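Asks: Contents of data-v1.pdb (PDB, C-alpha atoms) are below:
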```
ATOM      1  CA  MET A 935      -5.896 -36.386 -34.331
ATOM      2  CA  ASN A 936      -7.134 -32.877 -34.857
ATOM      3  CA  GLU A 937      -9.120 -32.662 -31.680
ATOM      4  CA  ARG A 938     -10.406 -29.359 -30.593
ATOM      5  CA  GLU A 939      -8.944 -28.092 -27.410
ATOM      6  CA  GLU A 940     -11.595 -27.037 -24.959
ATOM      7  CA  THR A 941     -10.860 -24.163 -22.694
ATOM      8  CA  VAL A 942     -12.490 -23.476 -19.415
ATOM      9  CA  PRO A 943     -13.958 -20.008 -19.340
ATOM     10  CA  ALA A 944     -11.934 -17.746 -17.130
ATOM     11  CA  THR A 945     -13.625 -16.688 -13.958
ATOM     12  CA  PRO A 946     -13.767 -12.949 -13.632
ATOM     13  CA  PRO A 947     -11.373 -11.588 -11.030
ATOM     14  CA  ARG A 948     -12.988 -10.874  -7.699
ATOM     15  CA  PRO A 949     -12.874  -7.239  -6.723
ATOM     16  CA  LEU A 950     -10.341  -6.417  -4.045
ATOM     17  CA  PRO A 951     -11.569  -5.467  -0.590
ATOM     18  CA  PRO A 952     -11.676  -1.653  -0.291
ATOM     19  CA  ALA A 953      -8.742  -1.354   2.143
ATOM     20  CA  GLN A 954      -6.499  -3.480  -0.043
ATOM     21  CA  ALA A 955      -7.498  -1.634  -3.228
ATOM     22  CA  ARG A 956      -6.843   1.753  -1.621
ATOM     23  CA  ALA A 957      -3.548   0.541  -0.132
ATOM     24  CA  LEU A 958      -2.427  -0.663  -3.570
ATOM     25  CA  GLU A 959      -3.281   2.717  -5.104
ATOM     26  CA  ALA A 960      -1.306   4.545  -2.437
ATOM     27  CA  ALA A 961       1.634   2.147  -2.764
ATOM     28  CA  ALA A 962       1.753   2.629  -6.531
ATOM     29  CA  GLY A 963       1.814   6.406  -6.069
ATOM     30  CA  ALA A 964       4.575   6.141  -3.481
ATOM     31  CA  LEU A 965       6.665   3.908  -5.744
ATOM     32  CA  THR A 966       6.278   6.398  -8.585
ATOM     33  CA  LEU A 967       7.431   9.279  -6.393
ATOM     34  CA  ALA A 968      10.312   7.238  -4.943
ATOM     35  CA  ALA A 969      11.566   6.391  -8.433
ATOM     36  CA  SER A 970      12.141  10.088  -9.150
ATOM     37  CA  VAL A 971      14.294  10.742  -6.067
ATOM     38  CA  LYS A 972      17.912  11.595  -6.701
ATOM     39  CA  PRO A 973      20.956  11.314  -4.422
ATOM     40  CA  PRO A 974      21.547  12.123  -1.602
ATOM     41  CA  PHE A 975      17.937  11.221  -0.740
ATOM     42  CA  ARG A 976      17.979   7.715  -2.301
ATOM     43  CA  PRO A 977      18.247   5.896   1.071
ATOM     44  CA  ILE A 978      14.993   7.505   2.217
ATOM     45  CA  ALA A 979      13.382   6.657  -1.133
ATOM     46  CA  GLU A 980      14.414   3.029  -0.599
ATOM     47  CA  GLN A 981      12.626   3.114   2.763
ATOM     48  CA  VAL A 982       9.562   4.499   0.948
ATOM     49  CA  ILE A 983       9.663   1.519  -1.406
ATOM     50  CA  ARG A 984       9.814  -0.989   1.455
ATOM     51  CA  ALA A 985       7.107   0.679   3.541
ATOM     52  CA  ALA A 986       4.850   1.177   0.507
ATOM     53  CA  ALA A 987       5.092  -2.496  -0.413
ATOM     54  CA  SER A 988       4.446  -3.543   3.182
ATOM     55  CA  VAL A 989       1.065  -1.825   3.514
ATOM     56  CA  PRO A 990      -0.982  -3.692   0.863
ATOM     57  CA  ALA A 991       0.976  -6.904   1.438
ATOM     58  CA  ASN A 992       0.065  -6.979   5.132
ATOM     59  CA  VAL A 993      -3.546  -6.004   4.428
ATOM     60  CA  ALA A 994      -3.795  -8.945   2.019
ATOM     61  CA  GLU A 995      -2.051 -11.344   4.371
ATOM     62  CA  GLY A 996      -4.323 -10.315   7.235
ATOM     63  CA  GLN A 997      -7.369 -10.965   5.083
ATOM     64  CA  GLY A 998      -6.166 -14.520   4.630
ATOM     65  CA  ARG A 999      -5.821 -15.076   8.385
ATOM     66  CA  SER A1000      -8.175 -15.112  11.326
ATOM     67  CA  GLY A1001      -8.274 -14.021  14.953
ATOM     68  CA  GLN A1002      -5.250 -12.338  16.487
ATOM     69  CA  ASP A1003      -3.097 -13.276  13.495
ATOM     70  CA  ARG A1004      -5.370 -11.213  11.247
ATOM     71  CA  LEU A1005      -5.240  -8.230  13.593
ATOM     72  CA  TYR A1006      -1.455  -8.492  13.835
ATOM     73  CA  HIS A1007      -1.013  -8.096  10.058
ATOM     74  CA  TRP A1008      -3.472  -5.228   9.882
ATOM     75  CA  ARG A1009      -1.615  -3.470  12.711
ATOM     76  CA  VAL A1010       1.679  -3.962  10.874
ATOM     77  CA  ALA A1011       0.064  -2.445   7.754
ATOM     78  CA  TYR A1012      -1.070   0.538   9.851
ATOM     79  CA  GLY A1013       2.439   1.016  11.227
ATOM     80  CA  SER A1014       3.951   0.793   7.747
ATOM     81  CA  ALA A1015       1.478   3.413   6.506
ATOM     82  CA  ARG A1016       2.601   5.748   9.308
ATOM     83  CA  GLU A1017       6.246   5.068   8.467
ATOM     84  CA  LEU A1018       5.528   5.804   4.813
ATOM     85  CA  GLU A1019       3.897   9.102   5.798
ATOM     86  CA  VAL A1020       7.025  10.193   7.667
ATOM     87  CA  HIS A1021       9.363   9.317   4.803
ATOM     88  CA  LEU A1022       7.190  11.080   2.224
ATOM     89  CA  THR A1023       6.933  14.163   4.442
ATOM     90  CA  LEU A1024      10.720  14.259   4.848
ATOM     91  CA  LEU A1025      11.259  13.984   1.104
ATOM     92  CA  ALA A1026       8.651  16.659   0.341
ATOM     93  CA  ASP A1027      10.053  19.036   2.964
ATOM     94  CA  ALA A1028      13.552  18.540   1.519
ATOM     95  CA  GLY A1029      12.275  19.292  -1.987
ATOM     96  CA  ALA A1030      13.195  15.816  -3.228
ATOM     97  CA  ILE A1031       9.633  15.034  -4.401
ATOM     98  CA  ASP A1032       6.753  17.119  -5.703
ATOM     99  CA  ARG A1033       4.915  18.587  -2.706
ATOM    100  CA  PRO A1034       1.370  18.567  -4.245
ATOM    101  CA  ALA A1035       1.813  14.955  -5.358
ATOM    102  CA  ALA A1036       3.032  14.050  -1.876
ATOM    103  CA  ALA A1037       0.029  15.827  -0.326
ATOM    104  CA  ARG A1038      -2.383  13.814  -2.483
ATOM    105  CA  LEU A1039      -0.599  10.622  -1.508
ATOM    106  CA  LEU A1040      -0.638  11.543   2.183
ATOM    107  CA  ALA A1041      -4.415  12.045   1.939
ATOM    108  CA  GLN A1042      -4.740   8.553   0.424
ATOM    109  CA  LEU A1043      -2.622   7.116   3.228
ATOM    110  CA  ASP A1044      -4.851   8.843   5.765
ATOM    111  CA  GLU A1045      -7.835   7.026   4.226
ATOM    112  CA  VAL A1046      -5.969   3.711   4.366
ATOM    113  CA  ARG A1047      -5.067   4.265   8.017
ATOM    114  CA  ALA A1048      -8.692   5.137   8.818
ATOM    115  CA  MET A1049      -9.858   1.909   7.161
ATOM    116  CA  LEU A1050      -7.237  -0.100   9.032
ATOM    117  CA  GLY A1051      -8.206   1.576  12.289
ATOM    118  CA  ARG A1052     -11.812   0.511  11.782
ATOM    119  CA  MET A1053     -10.678  -3.012  10.853
ATOM    120  CA  THR A1054      -8.549  -3.400  13.984
ATOM    121  CA  HIS A1055     -11.051  -1.722  16.323
ATOM    122  CA  PRO A1056     -14.520  -2.829  15.165
ATOM    123  CA  ARG A1057     -17.475  -1.549  17.166
TER     124      ARG A1057
END
```
So that I can check it, write out the structure of this file as structure tokens.
Replies:
Amino acid sequence: MNEREETVPATPPRPLPPAQARALEAAAGALTLAASVKPPFRPIAEQVIRAAASVPANVAEGQGRSGQDRLYHWRVAYGSARELEVHLTLLADAGAIDRPAAARLLAQLDEVRAMLGRMTHPR
């Protein structure tokens, strides 16, 4: 009748692998900058959104794969990070986004690319 409902204790979330965590941070920063872009630069901002989402998504997908499939996704993430760098640089050079904020984000992306480079070319 009035039985107590037992709950299973929640397992603490596992920490994200460093490359995925850093990629998520960079993507969040890119999305924030893209949201502030006004016309006529909106099409480039939309490319920022797509590329930013692609980086952590492909890192995560690669971590769930093995062999060449894993490397493929990590290489796609690397390429998306490079694409994101170009779009952010264009927007900053055009004055459509804050240059210091873009510079900080570009430094984060450089770290992500370095991590992905080590992941795809282990010694």
Asks: Would you mind telling me which residue in A:Thr966, A:Ala961, A:Trp1008, A:Val971 lies nearest to Ala987 (chain A) when using only C-alpha atoms?
Replies: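 Checking each candidate against Ala987 (chain A), we get A:Ala961 as the closest.
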Asks: Counting only C-alpha atoms, figure out which residue out of A:Gly963, A:Pro990, A:Gly1029, A:Pro1056 gets nearest to Gln1042 (chain A).
Replies: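 Between A:Gly963, A:Pro990, A:Gly1029, A:Pro1056, the residue approaching Gln1042 (chain A) most closely is A:Gly963.
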Asks: Return the single residue from A:Ala1041, A:Ala994, A:Leu967, A:Ala953 that is closest to Ala1026 (chain A), with distances computed using all atoms listed in the file.
Replies: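 Nearest to Ala1026 (chain A): A:Leu967.
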Asks: For the structure shown, which residues end up in the PyMOL selection byres ((chain A and resi 978) around 10)? Put them as a ChimeraX atom specification, please?
Replies: /A:968,971,973-977,979-984,1018,1021-1022,1024-1025
Asks: So which one's closest to Leu1040 (chain A), A:Asp1027, A:Glu940, A:Glu959, A:Glu1019? Using all atoms listed in the file, please.
Replies: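 Of A:Asp1027, A:Glu940, A:Glu959, A:Glu1019, the one nearest Leu1040 (chain A) is A:Glu1019, counting all atoms listed in the file.
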Asks: Kindly reconstruct region 946-977 of chain A with N, CA and C atoms and present the result as a PDB file, in the coordinates of the input.
Replies:
```pdb
ATOM      1  N   PRO A 946     -14.150 -14.356 -13.753  1.00  0.00           N
ATOM      2  CA  PRO A 946     -13.767 -12.949 -13.632  1.00  0.00           C
ATOM      3  C   PRO A 946     -13.061 -12.728 -12.298  1.00  0.00           C
ATOM      4  N   PRO A 947     -12.079 -11.850 -12.287  1.00  0.00           N
ATOM      5  CA  PRO A 947     -11.373 -11.588 -11.030  1.00  0.00           C
ATOM      6  C   PRO A 947     -12.327 -10.988 -10.000  1.00  0.00           C
ATOM      7  N   ARG A 948     -12.159 -11.426  -8.765  1.00  0.00           N
ATOM      8  CA  ARG A 948     -12.988 -10.874  -7.699  1.00  0.00           C
ATOM      9  C   ARG A 948     -12.456  -9.490  -7.352  1.00  0.00           C
ATOM     10  N   PRO A 949     -13.349  -8.576  -7.095  1.00  0.00           N
ATOM     11  CA  PRO A 949     -12.874  -7.239  -6.723  1.00  0.00           C
ATOM     12  C   PRO A 949     -12.123  -7.297  -5.389  1.00  0.00           C
ATOM     13  N   LEU A 950     -11.120  -6.473  -5.277  1.00  0.00           N
ATOM     14  CA  LEU A 950     -10.341  -6.417  -4.045  1.00  0.00           C
ATOM     15  C   LEU A 950     -11.156  -5.760  -2.942  1.00  0.00           C
ATOM     16  N   PRO A 951     -10.936  -6.185  -1.705  1.00  0.00           N
ATOM     17  CA  PRO A 951     -11.569  -5.467  -0.590  1.00  0.00           C
ATOM     18  C   PRO A 951     -11.127  -4.002  -0.615  1.00  0.00           C
ATOM     19  N   PRO A 952     -11.982  -3.088  -0.189  1.00  0.00           N
ATOM     20  CA  PRO A 952     -11.676  -1.653  -0.291  1.00  0.00           C
ATOM     21  C   PRO A 952     -10.336  -1.241   0.325  1.00  0.00           C
ATOM     22  N   ALA A 953     -10.004  -1.759   1.496  1.00  0.00           N
ATOM     23  CA  ALA A 953      -8.742  -1.354   2.143  1.00  0.00           C
ATOM     24  C   ALA A 953      -7.546  -1.801   1.321  1.00  0.00           C
ATOM     25  N   GLN A 954      -7.621  -2.993   0.755  1.00  0.00           N
ATOM     26  CA  GLN A 954      -6.499  -3.480  -0.043  1.00  0.00           C
ATOM     27  C   GLN A 954      -6.387  -2.683  -1.345  1.00  0.00           C
ATOM     28  N   ALA A 955      -7.519  -2.403  -1.981  1.00  0.00           N
ATOM     29  CA  ALA A 955      -7.498  -1.634  -3.228  1.00  0.00           C
ATOM     30  C   ALA A 955      -6.909  -0.241  -2.989  1.00  0.00           C
ATOM     31  N   ARG A 956      -7.341   0.408  -1.909  1.00  0.00           N
ATOM     32  CA  ARG A 956      -6.843   1.753  -1.621  1.00  0.00           C
ATOM     33  C   ARG A 956      -5.360   1.722  -1.251  1.00  0.00           C
ATOM     34  N   ALA A 957      -4.962   0.681  -0.504  1.00  0.00           N
ATOM     35  CA  ALA A 957      -3.548   0.541  -0.132  1.00  0.00           C
ATOM     36  C   ALA A 957      -2.681   0.324  -1.370  1.00  0.00           C
ATOM     37  N   LEU A 958      -3.176  -0.444  -2.324  1.00  0.00           N
ATOM     38  CA  LEU A 958      -2.427  -0.663  -3.570  1.00  0.00           C
ATOM     39  C   LEU A 958      -2.284   0.635  -4.361  1.00  0.00           C
ATOM     40  N   GLU A 959      -3.352   1.424  -4.411  1.00  0.00           N
ATOM     41  CA  GLU A 959      -3.281   2.717  -5.104  1.00  0.00           C
ATOM     42  C   GLU A 959      -2.229   3.620  -4.470  1.00  0.00           C
ATOM     43  N   ALA A 960      -2.264   3.704  -3.146  1.00  0.00           N
ATOM     44  CA  ALA A 960      -1.306   4.545  -2.437  1.00  0.00           C
ATOM     45  C   ALA A 960       0.119   4.036  -2.635  1.00  0.00           C
ATOM     46  N   ALA A 961       0.292   2.729  -2.584  1.00  0.00           N
ATOM     47  CA  ALA A 961       1.634   2.147  -2.764  1.00  0.00           C
ATOM     48  C   ALA A 961       2.167   2.453  -4.155  1.00  0.00           C
ATOM     49  N   ALA A 962       1.317   2.339  -5.164  1.00  0.00           N
ATOM     50  CA  ALA A 962       1.753   2.629  -6.531  1.00  0.00           C
ATOM     51  C   ALA A 962       2.191   4.090  -6.657  1.00  0.00           C
ATOM     52  N   GLY A 963       1.436   4.991  -6.048  1.00  0.00           N
ATOM     53  CA  GLY A 963       1.814   6.406  -6.069  1.00  0.00           C
ATOM     54  C   GLY A 963       3.134   6.649  -5.360  1.00  0.00           C
ATOM     55  N   ALA A 964       3.325   5.973  -4.227  1.00  0.00           N
ATOM     56  CA  ALA A 964       4.575   6.141  -3.481  1.00  0.00           C
ATOM     57  C   ALA A 964       5.758   5.607  -4.275  1.00  0.00           C
ATOM     58  N   LEU A 965       5.578   4.476  -4.937  1.00  0.00           N
ATOM     59  CA  LEU A 965       6.665   3.908  -5.744  1.00  0.00           C
ATOM     60  C   LEU A 965       7.031   4.846  -6.888  1.00  0.00           C
ATOM     61  N   THR A 966       6.026   5.456  -7.494  1.00  0.00           N
ATOM     62  CA  THR A 966       6.278   6.398  -8.585  1.00  0.00           C
ATOM     63  C   THR A 966       7.085   7.599  -8.088  1.00  0.00           C
ATOM     64  N   LEU A 967       6.682   8.143  -6.947  1.00  0.00           N
ATOM     65  CA  LEU A 967       7.431   9.279  -6.393  1.00  0.00           C
ATOM     66  C   LEU A 967       8.844   8.861  -5.999  1.00  0.00           C
ATOM     67  N   ALA A 968       8.987   7.699  -5.389  1.00  0.00           N
ATOM     68  CA  ALA A 968      10.312   7.238  -4.943  1.00  0.00           C
ATOM     69  C   ALA A 968      11.263   7.050  -6.123  1.00  0.00           C
ATOM     70  N   ALA A 969      10.725   6.641  -7.258  1.00  0.00           N
ATOM     71  CA  ALA A 969      11.566   6.391  -8.433  1.00  0.00           C
ATOM     72  C   ALA A 969      12.212   7.676  -8.952  1.00  0.00           C
ATOM     73  N   SER A 970      11.608   8.816  -8.639  1.00  0.00           N
ATOM     74  CA  SER A 970      12.141  10.088  -9.150  1.00  0.00           C
ATOM     75  C   SER A 970      13.179  10.730  -8.216  1.00  0.00           C
ATOM     76  N   VAL A 971      13.396  10.137  -7.060  1.00  0.00           N
ATOM     77  CA  VAL A 971      14.294  10.742  -6.067  1.00  0.00           C
ATOM     78  C   VAL A 971      15.750  10.547  -6.472  1.00  0.00           C
ATOM     79  N   LYS A 972      16.494  11.622  -6.344  1.00  0.00           N
ATOM     80  CA  LYS A 972      17.912  11.595  -6.701  1.00  0.00           C
ATOM     81  C   LYS A 972      18.765  11.604  -5.435  1.00  0.00           C
ATOM     82  N   PRO A 973      20.053  11.233  -5.573  1.00  0.00           N
ATOM     83  CA  PRO A 973      20.956  11.314  -4.422  1.00  0.00           C
ATOM     84  C   PRO A 973      20.981  12.762  -3.925  1.00  0.00           C
ATOM     85  N   PRO A 974      21.170  13.012  -2.706  1.00  0.00           N
ATOM     86  CA  PRO A 974      21.547  12.123  -1.602  1.00  0.00           C
ATOM     87  C   PRO A 974      20.346  11.528  -0.862  1.00  0.00           C
ATOM     88  N   PHE A 975      19.142  11.658  -1.434  1.00  0.00           N
ATOM     89  CA  PHE A 975      17.937  11.221  -0.740  1.00  0.00           C
ATOM     90  C   PHE A 975      17.512   9.792  -1.094  1.00  0.00           C
ATOM     91  N   ARG A 976      18.331   9.085  -1.885  1.00  0.00           N
ATOM     92  CA  ARG A 976      17.979   7.715  -2.301  1.00  0.00           C
ATOM     93  C   ARG A 976      17.745   6.767  -1.122  1.00  0.00           C
ATOM     94  N   PRO A 977      18.526   6.824  -0.041  1.00  0.00           N
ATOM     95  CA  PRO A 977      18.247   5.896   1.071  1.00  0.00           C
ATOM     96  C   PRO A 977      16.842   6.057   1.650  1.00  0.00           C
TER      97      PRO A 977
END
```
